[in-house]
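Structure data (compact mmCIF, C-alpha atoms) from upload.txt:
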```txt
# COMPACT_ATOMS: atom_id res chain seq x y z
CA MET O 1 4.25 34.97 -18.49
CA SER O 2 6.57 32.98 -16.21
CA THR O 3 10.00 34.35 -15.39
CA VAL O 4 13.09 32.15 -15.21
CA LEU O 5 16.18 33.38 -13.42
CA LEU O 6 19.15 31.71 -15.14
CA ILE O 7 22.25 31.83 -12.94
CA ASP O 8 25.33 30.52 -14.71
CA ASP O 9 28.71 32.07 -15.40
CA ASP O 10 28.92 30.14 -18.67
CA VAL O 11 27.78 32.76 -21.12
CA TYR O 12 27.54 30.21 -23.92
CA PHE O 13 25.08 28.13 -21.90
CA ARG O 14 22.98 31.24 -21.26
CA ARG O 15 23.10 32.30 -24.92
CA LEU O 16 21.99 28.85 -25.95
CA LEU O 17 19.14 28.54 -23.49
CA THR O 18 17.71 32.07 -23.29
CA PRO O 19 16.43 32.39 -26.89
CA LEU O 20 14.89 28.92 -26.72
CA LEU O 21 13.08 29.77 -23.49
CA GLU O 22 11.92 33.11 -24.88
CA ALA O 23 10.60 31.35 -27.97
CA LYS O 24 8.49 29.20 -25.64
CA GLY O 25 7.04 32.30 -24.00
CA TYR O 26 9.24 32.59 -20.91
CA ARG O 27 10.78 35.81 -19.67
CA VAL O 28 14.43 35.19 -18.83
CA LEU O 29 16.66 37.06 -16.40
CA GLU O 30 20.36 36.21 -16.60
CA ALA O 31 23.02 36.41 -13.93
CA GLY O 32 26.64 35.29 -14.15
CA ARG O 33 27.35 35.65 -10.43
CA ALA O 34 25.52 34.69 -7.24
CA ALA O 35 25.55 38.29 -5.99
CA ASP O 36 24.00 39.60 -9.23
CA ALA O 37 21.25 36.99 -9.00
CA GLU O 38 20.46 38.05 -5.46
CA LYS O 39 20.22 41.70 -6.49
CA MET O 40 17.75 40.78 -9.22
CA LEU O 41 15.53 39.01 -6.72
CA GLY O 42 15.15 42.32 -4.88
CA GLY O 43 13.27 43.98 -7.71
CA GLU O 44 11.93 41.26 -9.98
CA HIS O 45 9.27 38.60 -9.77
CA VAL O 46 10.86 35.20 -10.46
CA ASP O 47 8.98 31.90 -10.90
CA LEU O 48 11.90 29.47 -11.17
CA PHE O 49 15.67 29.30 -10.70
CA VAL O 50 18.05 27.49 -13.03
CA LEU O 51 21.41 27.56 -11.32
CA ASP O 52 24.92 26.29 -11.85
CA GLY O 53 26.77 24.39 -9.14
CA LEU O 54 29.94 26.43 -9.21
CA LEU O 55 29.69 30.19 -9.52
CA PRO O 56 32.63 32.62 -9.56
CA ASP O 57 31.61 34.09 -6.20
CA GLY O 58 30.13 31.08 -4.44
CA ASP O 59 28.57 27.70 -4.58
CA GLY O 60 25.13 27.21 -6.09
CA VAL O 61 23.81 24.96 -3.31
CA ALA O 62 24.73 27.53 -0.66
CA TRP O 63 23.04 30.25 -2.72
CA LEU O 64 19.86 28.24 -2.94
CA GLU O 65 19.90 27.39 0.77
CA LYS O 66 20.18 31.11 1.50
CA GLN O 67 17.12 31.83 -0.66
CA ARG O 68 15.14 29.07 1.11
CA ARG O 69 16.03 30.60 4.48
CA ALA O 70 14.75 33.93 3.14
CA GLY O 71 11.41 32.27 2.36
CA ARG O 72 11.85 32.04 -1.44
CA THR O 73 10.18 28.78 -2.41
CA GLN O 74 10.42 28.89 -6.22
CA PRO O 75 11.22 25.58 -7.95
CA ALA O 76 14.93 25.21 -8.65
CA LEU O 77 16.82 23.24 -11.28
CA PHE O 78 20.41 22.60 -10.36
CA CYS O 79 22.67 22.06 -13.40
CA SER O 80 26.15 20.85 -12.60
CA ALA O 81 28.94 19.11 -14.44
CA PHE O 82 30.46 17.83 -11.20
CA ARG O 83 29.68 14.60 -9.46
CA ARG O 84 28.38 15.57 -6.05
CA ASN O 85 29.09 13.80 -2.82
CA LEU O 86 26.33 12.35 -0.66
CA ARG O 87 26.25 15.35 1.65
CA ASP O 88 25.72 17.77 -1.25
CA GLU O 89 23.02 15.45 -2.64
CA GLN O 90 21.28 15.62 0.71
CA ARG O 91 21.57 19.42 0.80
CA LEU O 92 20.10 19.65 -2.70
CA LYS O 93 17.21 17.41 -1.70
CA SER O 94 16.60 19.45 1.44
CA ALA O 95 16.58 22.64 -0.63
CA GLY O 96 14.05 21.03 -2.98
CA ALA O 97 16.28 21.35 -6.06
CA HIS O 98 15.88 19.11 -9.09
CA PRO O 99 19.39 18.02 -10.19
CA LEU O 100 20.38 17.96 -13.87
CA ARG O 101 23.77 16.75 -15.06
CA LYS O 102 25.79 18.79 -17.56
CA PRO O 103 26.46 18.35 -20.42
CA ILE O 104 22.76 18.48 -21.08
CA GLU O 105 20.61 19.09 -24.13
CA PRO O 106 18.81 22.46 -23.94
CA SER O 107 15.57 20.61 -24.72
CA ALA O 108 15.99 18.54 -21.53
CA VAL O 109 16.41 21.72 -19.45
CA ILE O 110 13.34 23.23 -21.09
CA ASP O 111 11.33 20.07 -20.47
CA ALA O 112 12.34 20.17 -16.81
CA ILE O 113 11.33 23.85 -16.59
CA ASP O 114 7.96 23.11 -18.25
CA ILE O 115 7.33 20.28 -15.81
CA ALA O 116 8.36 22.29 -12.77
CA LEU O 117 6.00 25.09 -13.81
CA ASP O 118 3.19 22.68 -14.71
CA ARG O 119 3.28 23.34 -18.42
CA THR O 120 2.84 20.56 -20.93
CA PRO O 121 6.21 18.89 -21.43
CA SER O 122 7.55 18.11 -24.85
CA LYS O 123 6.62 14.49 -25.53
CA THR O 124 9.36 14.31 -28.11
CA GLY O 125 11.92 15.27 -25.48
CA ALA O 126 10.68 12.49 -23.19
CA GLU O 127 10.73 9.95 -25.97
CA LEU O 128 14.25 10.95 -26.96
CA ARG O 129 15.41 10.65 -23.38
CA ILE O 130 13.93 7.17 -23.06
CA LEU O 131 15.57 6.12 -26.32
CA ALA O 132 18.91 7.43 -25.04
CA LEU O 133 18.46 5.45 -21.81
CA ARG O 134 17.62 2.37 -23.87
CA ALA O 135 20.85 2.75 -25.82
CA GLU O 136 22.83 3.12 -22.58
CA TYR O 137 21.19 0.02 -21.14
CA ALA O 138 21.84 -1.90 -24.37
CA ALA O 139 25.53 -1.17 -23.99
CA VAL O 140 25.68 -2.88 -20.58
CA LEU O 141 23.27 -5.75 -21.31
CA PRO O 142 25.86 -8.13 -22.83
CA GLY O 143 27.88 -7.78 -19.62
CA LYS O 144 24.81 -8.52 -17.50
CA LEU O 145 24.04 -11.64 -19.53
CA ALA O 146 27.66 -12.79 -19.22
CA GLU O 147 27.38 -12.26 -15.47
CA LEU O 148 24.22 -14.38 -15.40
CA ARG O 149 25.84 -17.11 -17.46
CA ALA O 150 28.83 -17.26 -15.11
CA ALA O 151 26.55 -17.33 -12.05
CA LEU O 152 24.49 -20.17 -13.56
CA HIS O 153 27.65 -22.11 -14.33
CA ALA O 154 28.73 -21.74 -10.71
CA VAL O 155 25.37 -23.14 -9.52
CA ARG O 156 25.67 -26.03 -11.93
CA VAL O 157 29.05 -26.93 -10.43
CA LYS O 158 27.80 -26.56 -6.83
CA PRO O 159 23.98 -26.82 -6.92
CA LEU O 160 23.60 -26.91 -3.14
CA ASP O 161 25.67 -23.82 -2.41
CA ASP O 162 23.13 -21.30 -1.03
CA GLU O 163 25.25 -18.26 -1.74
CA LEU O 164 25.87 -19.13 -5.39
CA TYR O 165 22.20 -20.04 -5.88
CA THR O 166 20.97 -16.76 -4.36
CA ALA O 167 23.42 -14.73 -6.44
CA ALA O 168 22.29 -16.37 -9.69
CA LEU O 169 18.62 -16.00 -8.78
CA ARG O 170 19.11 -12.32 -7.98
CA ILE O 171 20.83 -11.60 -11.31
CA ALA O 172 18.09 -13.41 -13.26
CA HIS O 173 15.41 -11.55 -11.28
CA ARG O 174 17.03 -8.19 -11.92
CA ILE O 175 17.32 -8.69 -15.67
CA SER O 176 13.83 -10.15 -15.99
CA GLY O 177 12.30 -7.21 -14.13
CA THR O 178 14.32 -4.54 -15.87
CA ALA O 179 15.11 -5.47 -19.48
CA GLY O 180 11.48 -5.35 -20.63
CA SER O 181 11.05 -1.83 -19.25
CA TYR O 182 13.84 -0.77 -21.61
CA GLY O 183 12.14 -2.51 -24.53
CA PHE O 184 14.15 -5.78 -24.42
CA ILE O 185 11.02 -7.81 -23.86
CA THR O 186 11.98 -11.25 -25.23
CA LEU O 187 15.28 -11.18 -23.40
CA GLY O 188 13.53 -10.19 -20.17
CA GLU O 189 11.01 -13.01 -20.56
CA ALA O 190 13.79 -15.56 -21.15
CA CYS O 191 15.49 -14.43 -17.94
CA GLY O 192 12.12 -14.68 -16.19
CA ARG O 193 11.97 -18.34 -17.21
CA ILE O 194 15.46 -18.87 -15.82
CA GLU O 195 14.35 -17.28 -12.55
CA GLU O 196 11.29 -19.55 -12.39
CA GLN O 197 13.18 -22.75 -13.18
CA LEU O 198 16.33 -22.23 -11.18
CA PRO O 199 14.75 -23.44 -7.90
CA MET O 200 13.98 -26.78 -9.62
CA VAL O 201 17.65 -27.70 -10.07
CA ARG O 202 18.02 -27.76 -6.30
CA THR O 203 15.69 -30.74 -6.21
CA GLY O 204 18.48 -32.74 -7.81
CA ASP O 205 16.69 -33.19 -11.13
CA MET O 206 19.37 -31.92 -13.48
CA GLY O 207 16.96 -32.15 -16.42
CA TRP O 208 15.88 -28.60 -15.59
CA TRP O 209 19.28 -27.37 -16.75
CA ARG O 210 18.22 -28.07 -20.34
CA ASN O 211 15.39 -25.54 -19.97
CA ILE O 212 17.67 -23.01 -18.31
CA THR O 213 20.34 -23.40 -20.97
CA SER O 214 17.72 -23.06 -23.67
CA ALA O 215 16.34 -19.87 -22.07
CA LEU O 216 19.86 -18.44 -21.89
CA VAL O 217 20.41 -19.15 -25.59
CA GLN O 218 17.08 -17.46 -26.38
CA ALA O 219 18.09 -14.43 -24.30
CA LYS O 220 21.37 -14.08 -26.18
CA ALA O 221 19.66 -14.45 -29.56
CA ALA O 222 17.04 -11.85 -28.60
CA LEU O 223 19.76 -9.44 -27.53
CA ALA O 224 21.57 -9.87 -30.86
CA ARG O 225 18.32 -9.14 -32.75
CA ASP O 226 17.50 -6.12 -30.59
CA LEU O 227 20.98 -4.65 -30.93
CA GLU O 228 20.74 -4.90 -34.72
CA THR O 229 17.56 -2.84 -34.78
CA LEU O 230 18.58 -0.33 -32.14
CA MET B 1 2.25 15.68 -7.38
CA LYS B 2 5.14 14.12 -5.49
CA MET B 3 5.97 10.48 -6.02
CA LEU B 4 8.42 8.45 -3.95
CA LEU B 5 9.95 5.74 -6.15
CA VAL B 6 11.48 2.80 -4.27
CA ASP B 7 13.56 0.14 -6.00
CA ASP B 8 16.96 -1.38 -5.27
CA GLU B 9 17.69 -1.71 -8.99
CA PRO B 10 19.30 1.50 -10.32
CA ASP B 11 18.28 0.75 -13.92
CA ILE B 12 14.61 0.62 -12.89
CA ARG B 13 14.90 3.83 -10.87
CA ARG B 14 16.50 5.56 -13.87
CA ILE B 15 13.84 4.68 -16.45
CA ALA B 16 10.91 5.09 -14.05
CA GLU B 17 12.15 8.48 -12.88
CA VAL B 18 12.42 9.76 -16.46
CA SER B 19 8.96 8.40 -17.22
CA LEU B 20 7.31 9.87 -14.13
CA SER B 21 8.98 13.26 -14.34
CA MET B 22 9.18 13.91 -18.08
CA ILE B 23 5.94 12.22 -19.15
CA GLY B 24 3.95 12.33 -15.92
CA GLY B 25 5.14 15.78 -14.92
CA TRP B 26 5.57 14.58 -11.34
CA SER B 27 8.21 15.51 -8.87
CA VAL B 28 10.08 12.28 -8.12
CA LEU B 29 12.16 11.34 -5.12
CA CYS B 30 14.04 8.03 -5.31
CA ALA B 31 14.92 5.60 -2.55
CA CYS B 32 16.98 2.45 -3.04
CA SER B 33 15.81 0.48 0.01
CA GLY B 34 12.86 0.04 2.32
CA GLU B 35 14.72 1.76 5.15
CA GLU B 36 15.52 4.79 2.98
CA ALA B 37 11.92 4.92 1.76
CA ILE B 38 10.48 5.00 5.27
CA ALA B 39 12.86 7.79 6.31
CA ALA B 40 12.07 9.80 3.16
CA ALA B 41 8.30 9.34 3.52
CA LYS B 42 8.41 10.46 7.15
CA ALA B 43 10.64 13.47 6.43
CA ALA B 44 8.50 14.74 3.54
CA PRO B 45 5.35 12.69 2.94
CA PRO B 46 4.82 12.22 -0.81
CA ASP B 47 1.41 12.04 -2.53
CA ALA B 48 2.03 8.40 -3.44
CA ILE B 49 4.70 5.70 -3.19
CA LEU B 50 5.68 3.31 -5.98
CA LEU B 51 7.25 0.41 -4.10
CA ASP B 52 9.17 -2.60 -5.42
CA VAL B 53 8.19 -5.87 -3.73
CA MET B 54 11.42 -7.84 -3.86
CA MET B 55 14.30 -5.93 -2.31
CA PRO B 56 17.22 -7.10 -0.17
CA GLY B 57 16.98 -6.10 3.49
CA LEU B 58 13.56 -4.65 4.20
CA ASP B 59 11.38 -5.96 1.36
CA GLY B 60 8.35 -4.17 -0.08
CA LEU B 61 5.79 -5.90 2.13
CA GLU B 62 7.66 -5.22 5.36
CA THR B 63 8.25 -1.62 4.26
CA PHE B 64 4.52 -1.25 3.56
CA SER B 65 3.59 -2.69 6.92
CA ARG B 66 5.91 -0.23 8.71
CA LEU B 67 4.48 2.67 6.68
CA LEU B 68 0.97 1.60 7.71
CA ALA B 69 2.00 1.41 11.35
CA ASP B 70 3.19 5.02 11.45
CA PRO B 71 0.48 7.70 11.63
CA VAL B 72 2.65 10.09 9.57
CA THR B 73 2.81 7.69 6.61
CA ALA B 74 -0.20 5.41 7.09
CA ARG B 75 -2.48 7.27 4.68
CA ILE B 76 -0.02 7.62 1.77
CA PRO B 77 -1.28 5.52 -1.17
CA VAL B 78 1.16 2.73 -2.00
CA ILE B 79 1.38 1.04 -5.38
CA PHE B 80 3.48 -2.10 -5.56
CA MET B 81 5.76 -2.96 -8.47
CA THR B 82 6.10 -6.65 -8.97
CA ALA B 83 7.67 -9.02 -11.49
CA LYS B 84 5.57 -11.39 -13.54
CA ALA B 85 6.73 -14.35 -11.44
CA GLN B 86 4.83 -12.96 -8.46
CA SER B 87 1.58 -12.12 -10.27
CA ASN B 88 -0.37 -14.61 -8.13
CA GLU B 89 0.39 -12.35 -5.20
CA VAL B 90 -1.49 -9.36 -6.61
CA GLY B 91 -4.75 -10.17 -4.78
CA ARG B 92 -2.90 -10.46 -1.51
CA TYR B 93 -1.23 -7.05 -1.90
CA LEU B 94 -4.58 -5.41 -2.59
CA ALA B 95 -6.12 -7.15 0.43
CA LEU B 96 -3.32 -5.77 2.59
CA GLY B 97 -4.32 -2.26 1.58
CA ALA B 98 -2.14 -1.44 -1.42
CA ARG B 99 -3.81 1.03 -3.79
CA GLY B 100 -2.73 -0.95 -6.83
CA VAL B 101 -0.09 -3.10 -8.47
CA ILE B 102 2.10 -2.33 -11.48
CA ARG B 103 3.69 -5.30 -13.19
CA LYS B 104 7.31 -5.26 -14.25
CA PRO B 105 8.34 -4.83 -16.94
CA PHE B 106 6.37 -1.65 -17.51
CA ASP B 107 6.16 0.60 -20.54
CA PRO B 108 7.79 3.91 -19.55
CA MET B 109 5.61 5.77 -22.06
CA THR B 110 2.38 4.62 -20.38
CA LEU B 111 3.46 4.13 -16.76
CA PRO B 112 2.28 7.61 -15.61
CA ARG B 113 -1.14 7.01 -17.19
CA GLU B 114 -1.49 3.65 -15.41
CA LEU B 115 -0.51 5.22 -12.10
CA SER B 116 -2.90 8.15 -12.62
CA GLN B 117 -5.73 5.68 -13.23
CA ILE B 118 -4.89 3.72 -10.10
CA LEU B 119 -4.66 6.88 -8.01
CA GLY B 120 -7.73 8.46 -9.62
CA VAL B 121 -5.89 11.67 -10.49
CA SER B 122 -5.71 13.55 -13.77
CA ARG B 123 -2.37 14.62 -15.17
```
Starting from the file, give its structure as structure tokens.
Amino acid sequence: MSTVLLIDDDVYFRRLLTPLLEAKGYRVLEAGRAADAEKMLGGEHVDLFVLDGLLPDGDGVAWLEKQRRAGRTQPALFCSAFRRNLRDEQRLKSAGAHPLRKPIEPSAVIDAIDIALDRTPSKTGAELRILALRAEYAAVLPGKLAELRAALHAVRVKPLDDELYTAALRIAHRISGTAGSYGFITLGEACGRIEEQLPMVRTGDMGWWRNITSALVQAKAALARDLETL
Amino acid sequence: MKMLLVDDEPDIRRIAEVSLSMIGGWSVLCACSGEEAIAAAKAAPPDAILLDVMMPGLDGLETFSRLLADPVTARIPVIFMTAKAQSNEVGRYLALGARGVIRKPFDPMTLPRELSQILGVSR
């Protein structure tokens, strides 16, 4: 049986997570303070740390760094509600911690624990996470398409401007490479056609604009359909 | 299994990281440029690198060539990620020594399986 040391001063978070972990066969040790967690490590075998960023008697990153210096190499999940600066990110990476952002579903924490301890992750959890990412991406896609449309318009006005051309090409490339991975396949393909055909307008043959405009219309229609079924 | 994921596009890093960690069960480190990838691979060599081809600054091919030139990183398997528009380049990447090529867009539910097949590892 694997033992998880849960270090968080938020008693509600611990009460939520502990029974779920125990139901999955984990043994859970709880600590609300960094010092208490350290005492537990003296007498208990621990396989993984789940720790909060801000503890009443210290900072979670510093606590973990101290354990690493003491030769404790257990996997660590770092749950924090605060946006960290680059230096803290680097410290977390150096300490080998896997960052998780609060608020977080208990199932996502449990999935991360399962993965870190090489147990079979919950497929449902992964699928739900991907669906949530898809919804987040869907919310920003209309803005990305509007950005592409504006960039294409700028190229149409000044077809020989290298900077405008590169900017439009980059936006089309980004959407075509990304949208399909979030399930917006038709939209991604339409942007791929724009990316392929945009170099042609530089030849001076403005007939290519018809194809580009048509691909943009298809992309917008595909987005509308996808958003309806999301 | 540690995977270094290199892409300048944050949306791709986000979905691929979830796929590789939650479905693949891999430990994932992300880099957003070729320069960052080389530094990360030298500091802590991963088991494999998933590398985007088209990136501003140091692109995927130049990054790969620098990884090959360094004894610390030369033996790390590299799998390129490439958009459909560059599919004619696949043969060239393999000839250069890439372990495989993943086409964008990818299906996040099956990406870890495709990578495992390319790398010849079981999950």
Tell me, counting all atoms listed in the file, for each residue of chain B within 12 Å of chain O, which pair of atoms is nearest and how far apart they are in Å to one decimal, in rows ordered by chain and increasing number, as a tab-separated table.
```
residue	atom	partner	partner_atom	distance
B:Met1	CA	O:Asp118	CA	10.2
B:Lys2	CA	O:Ala116	CA	11.4
B:Asp7	CA	O:Arg174	CA	10.8
B:Asp8	CA	O:Arg174	CA	9.5
B:Glu9	CA	O:Arg174	CA	7.1
B:Pro10	CA	O:Thr178	CA	9.6
B:Asp11	CA	O:Thr178	CA	6.9
B:Ile12	CA	O:Thr178	CA	6.0
B:Arg13	CA	O:Thr178	CA	9.8
B:Arg14	CA	O:Leu133	CA	8.2
B:Ile15	CA	O:Ile130	CA	7.1
B:Ala16	CA	O:Ser181	CA	8.7
B:Glu17	CA	O:Ile130	CA	10.4
B:Val18	CA	O:Ile130	CA	7.2
B:Ser19	CA	O:Ala126	CA	7.4
B:Leu20	CA	O:Ala126	CA	10.0
B:Ser21	CA	O:Ile115	CA	7.4
B:Met22	CA	O:Ala126	CA	5.5
B:Ile23	CA	O:Ala126	CA	6.2
B:Gly24	CA	O:Ile115	CA	8.6
B:Gly25	CA	O:Ile115	CA	5.1
B:Trp26	CA	O:Ile115	CA	7.5
B:Ser27	CA	O:Ala116	CA	7.8
B:Val28	CA	O:His98	CA	9.0
B:Leu29	CA	O:Lys93	CA	8.6
B:Cys30	CA	O:Lys93	CA	10.5
B:Ala40	CA	O:Lys93	CA	10.4
B:Ala43	CA	O:Ser94	CA	9.8
B:Ala44	CA	O:Ser94	CA	9.6
B:Asp52	CA	O:Gly177	CA	10.3
B:Val53	CA	O:Gly177	CA	11.3
B:Met54	CA	O:His173	CA	9.2
B:Met55	CA	O:Arg170	CA	9.8
B:Pro56	CA	O:Arg170	CA	9.6
B:Met81	CA	O:Gly177	CA	9.6
B:Thr82	CA	O:Gly177	CA	8.1
B:Ala83	CA	O:Gly177	CA	5.6
B:Lys84	CA	O:Gly192	CA	7.8
B:Ala85	CA	O:Glu196	CA	7.0
B:Gln86	CA	O:Glu196	CA	10.0
B:Ile102	CA	O:Gly177	CA	11.6
B:Arg103	CA	O:Gly177	CA	8.9
B:Lys104	CA	O:Gly177	CA	5.4
B:Pro105	CA	O:Ser181	CA	4.7
B:Phe106	CA	O:Ser181	CA	5.0
B:Asp107	CA	O:Ser181	CA	5.6
B:Pro108	CA	O:Ser181	CA	6.6
B:Met109	CA	O:Glu127	CA	7.7
B:Thr110	CA	O:Ser181	CA	10.9
B:Leu111	CA	O:Ser181	CA	10.0
B:Arg123	CA	O:Thr120	CA	9.8
```
Inset, instruction - Record the distance separating atom CA of Leu54 of chain O and atom CA of Gly32 of chain O, expressed in Å with one decimal. - result: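 Computing the Euclidean distance for atom CA of Leu54 of chain O and atom CA of Gly32 of chain O yields 10.7 Å.
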Inset, instruction - Choose the residue, out of B:Val6, B:Arg99, B:Thr73, B:Ala48, that has the smallest atom-to-atom separation from Gly60 of chain B; count all atoms listed in the file. - result: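 Nearest candidate to Gly60 of chain B out of B:Val6, B:Arg99, B:Thr73, B:Ala48: B:Val6.
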Inset, instruction - Name the closest residue to Ala95 of chain O among the candidates O:Leu187, O:Val61, O:Ala167, O:Ile113; distances are taken between atoms, counting all atoms listed in the file. - result: O:Val61
Legend entry - 10 Å contact set for Arg72 of chain O, all atoms listed in the file, chain neighbours under 4 positions out, as a ChimeraX atom specification: /O:41,46-47,64-68
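The environment of Leu94 of chain B within 10 Å, counting only C-alpha atoms and disregarding residues fewer than 6 places along the same chain, consists of Val78, Ile79, Phe80, Gly100 and Val101 of chain B.
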